[in-house]
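K.L.:
My file is work18.csv. It has CSV, C-alpha atoms:
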chain,number,residue,atom,x,y,z
K,1,MET,CA,18.6,36.7,21.7
K,2,ASP,CA,14.8,36.7,22.4
K,3,ILE,CA,13.0,39.7,20.9
K,4,ASP,CA,10.9,40.1,24.1
K,5,ILE,CA,14.1,40.5,26.2
K,6,ILE,CA,15.5,43.1,23.7
K,7,ALA,CA,12.2,45.0,23.6
K,8,LYS,CA,12.1,45.2,27.4
K,9,ALA,CA,15.6,46.6,27.5
K,10,LEU,CA,14.8,49.1,24.8
K,11,LYS,CA,11.6,50.1,26.6
K,12,GLU,CA,13.4,50.8,29.8
K,13,LEU,CA,16.0,52.8,28.0
K,14,GLY,CA,13.3,54.7,26.3
K,15,HIS,CA,12.6,56.8,29.4
K,16,PRO,CA,14.7,60.0,29.6
K,17,THR,CA,15.5,59.6,33.3
K,18,ARG,CA,16.4,55.9,33.0
K,19,LEU,CA,18.5,56.6,30.0
K,20,THR,CA,20.4,59.3,32.0
K,21,ILE,CA,20.9,57.0,34.9
K,22,PHE,CA,22.1,54.2,32.6
K,23,LYS,CA,24.5,56.6,30.9
K,24,CYS,CA,26.0,57.6,34.3
K,25,VAL,CA,26.3,53.9,35.3
K,26,ILE,CA,28.0,53.1,31.9
K,27,ARG,CA,30.5,56.0,32.4
K,28,ALA,CA,31.4,54.7,35.8
K,29,GLY,CA,32.9,51.5,34.4
K,30,TYR,CA,33.1,48.1,36.0
K,31,GLN,CA,33.4,49.4,39.6
K,32,GLY,CA,30.0,51.0,39.3
K,33,VAL,CA,28.6,54.1,40.8
K,34,ALA,CA,27.1,54.6,44.3
K,35,VAL,CA,23.4,55.2,44.4
K,36,GLY,CA,23.9,58.2,46.6
K,37,GLY,CA,26.3,59.7,44.0
K,38,LEU,CA,23.7,59.2,41.3
K,39,GLN,CA,21.1,60.9,43.4
K,40,GLU,CA,23.3,63.9,44.0
K,41,ARG,CA,24.4,64.1,40.4
K,42,LEU,CA,20.8,63.8,39.0
K,43,SER,CA,19.0,65.8,41.8
K,44,ILE,CA,16.1,63.4,41.9
K,45,PRO,CA,14.3,62.0,45.0
K,46,GLY,CA,15.5,58.7,46.4
K,47,SER,CA,12.2,56.9,45.8
K,48,THR,CA,12.1,58.0,42.2
K,49,LEU,CA,15.7,56.9,41.6
K,50,SER,CA,15.0,53.6,43.3
K,51,HIS,CA,12.0,53.0,41.0
K,52,HIS,CA,14.1,53.7,37.8
K,53,ILE,CA,17.0,51.6,39.0
K,54,SER,CA,14.6,48.8,39.7
K,55,SER,CA,13.3,49.0,36.1
K,56,LEU,CA,16.8,48.9,34.7
K,57,ALA,CA,17.7,46.0,36.9
K,58,SER,CA,14.6,44.1,35.9
K,59,ALA,CA,15.6,44.5,32.2
K,60,GLY,CA,19.0,43.1,33.1
K,61,LEU,CA,20.8,46.3,32.1
K,62,ILE,CA,22.3,46.9,35.6
K,63,SER,CA,23.1,45.0,38.7
K,64,GLN,CA,23.6,46.1,42.2
K,65,ARG,CA,26.2,45.3,44.9
K,66,ARG,CA,26.5,46.3,48.5
K,67,GLU,CA,29.8,47.3,50.1
K,68,GLY,CA,29.1,48.0,53.7
K,69,ARG,CA,26.4,50.6,53.8
K,70,THR,CA,26.9,51.7,50.2
K,71,LEU,CA,24.9,50.3,47.3
K,72,TYR,CA,26.5,50.4,43.9
K,73,CYS,CA,24.9,50.2,40.4
K,74,VAL,CA,27.0,48.4,37.9
K,75,ALA,CA,26.3,48.2,34.1
K,76,GLU,CA,25.7,44.8,32.6
K,77,TYR,CA,27.9,45.4,29.6
K,78,GLU,CA,27.2,41.9,28.2
K,79,LYS,CA,23.5,42.6,28.1
K,80,LEU,CA,24.1,46.0,26.5
K,81,GLN,CA,26.3,44.4,23.8
K,82,SER,CA,23.5,41.8,23.2
K,83,VAL,CA,21.0,44.6,22.6
K,84,ILE,CA,23.3,46.5,20.3
K,85,GLY,CA,24.4,43.3,18.5
K,86,PHE,CA,20.8,42.3,18.0
K,87,LEU,CA,20.2,45.6,16.1
K,88,GLN,CA,23.5,45.5,14.3
K,89,ASP,CA,23.1,41.9,13.1
K,90,GLU,CA,20.0,43.0,11.1
K,91,CYS,CA,21.7,46.0,9.5
K,92,CYS,CA,21.2,46.0,5.8
K,93,ILE,CA,20.5,42.3,5.6
K,94,ASP,CA,17.6,42.7,3.1
K,95,GLU,CA,19.8,44.8,0.9
K,96,VAL,CA,22.6,42.2,1.0
K,97,LYS,CA,20.1,39.5,0.1
K,98,SER,CA,18.6,41.6,-2.7
K,99,ASN,CA,22.0,42.3,-4.2
K,100,ALA,CA,22.9,38.6,-4.0
K,101,ALA,CA,19.7,37.6,-5.7
K,102,GLU,CA,20.3,40.2,-8.5
K,103,SER,CA,23.9,38.9,-9.0
K,104,GLU,CA,22.6,35.4,-9.5
K,105,GLN,CA,20.3,36.5,-12.3
Let me see the file written as structure tokens.

P.N.:
Amino acid sequence: MDIDIIAKALKELGHPTRLTIFKCVIRAGYQGVAVGGLQERLSIPGSTLSHHISSLASAGLISQRREGRTLYCVAEYEKLQSVIGFLQDECCIDEVKSNAAESEQ
């Protein structure tokens, strides 16, 4: 995955309020969580919540769907896995290469 895309996702998650929102959305599962429910739970103004949701959506971390008059936020688990996978794929790779080179000598 493109490093700029990963950096944007991590940047958006680097804000405490957005991280809290994202955590709530993740916990809700695949059905998502109503924006009104998020606002009540987090006790933040609607305009502030909307701004943070917009940032998370622009990074591809959440999507929204409307059911009647209710707007739901849904986690994009595939995107989350891509971000986590990007970091995990790099774990200890230099150490492994170093050990392999030492073994060849």

K.L.:
Which polymer residues, protein or nucleic acid, are no farther than 12 Å from (15.6, 56.2, 32.9), counting all atoms listed in the file, as a PyMOL selection string?

P.N.:
chain K and resi 9-25+42+44+48-57+59+61-62

K.L.:
Near segment 30-38 of chain K, counting all atoms listed in the file, which residues have an atom at most 7 Å away, once you skip same-chain residues fewer than 4 positions from it, shown as a PDB file with C-alpha atoms, keeping the file's coordinate frame?

P.N.:
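Output contents, as saved in part26.pdb:
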ATOM      1  CA  VAL K  25      26.300  53.900  35.300  1.00  0.00           C
ATOM      2  CA  LEU K  42      20.800  63.800  39.000  1.00  0.00           C
ATOM      3  CA  THR K  70      26.900  51.700  50.200  1.00  0.00           C
ATOM      4  CA  LEU K  71      24.900  50.300  47.300  1.00  0.00           C
ATOM      5  CA  TYR K  72      26.500  50.400  43.900  1.00  0.00           C
ATOM      6  CA  CYS K  73      24.900  50.200  40.400  1.00  0.00           C
ATOM      7  CA  VAL K  74      27.000  48.400  37.900  1.00  0.00           C
ATOM      8  CA  ALA K  75      26.300  48.200  34.100  1.00  0.00           C
TER       9      ALA K  75
END

K.L.:
Which residues are close to Ile84 of chain K, i.e. within 12 Å by all atoms listed in the file, leaving aside same-chain residues fewer than 3 positions away? Reply as an NGL selection string.

P.N.:
:K and (1 or 6-7 or 9-10 or 77-81 or 87-91)

K.L.:
Which residue, K:Ser103, K:Glu95, K:Ser43, K:Phe86, has the smallest gap to Ile3 of chain K when you use all atoms listed in the file?

P.N.:
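Closest to Ile3 of chain K of all the choices is K:Phe86.
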
K.L.:
Please, what distance in Å, to one decimal, runs between atom CA of Glu76 of chain K and atom CA of Ala28 of chain K?

P.N.:
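Value for the atom CA of Glu76 of chain K-atom CA of Ala28 of chain K distance: 11.9 Å.
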
K.L.:
What is the distance between atom CA of Ser82 of chain K and atom CA of Gln64 of chain K, in Å to one decimal?

P.N.:
19.5 Å

K.L.:
Hey, can you check how far atom CA of Pro45 of chain K sits from atom CA of Lys8 of chain K?

P.N.:
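Rounded to one decimal, the two atoms are 24.4 Å apart.
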
K.L.:
Show me, as AutoDock Vina command-line options, the centre and edge lengths in Å to one decimal of the axis-aligned box that covers every listed atom of segment 50-65 of chain K with 4 Å on each side.

P.N.:
--center_x 19.1 --center_y 48.4 --center_z 38.5 --size_x 22.2 --size_y 18.6 --size_z 20.8
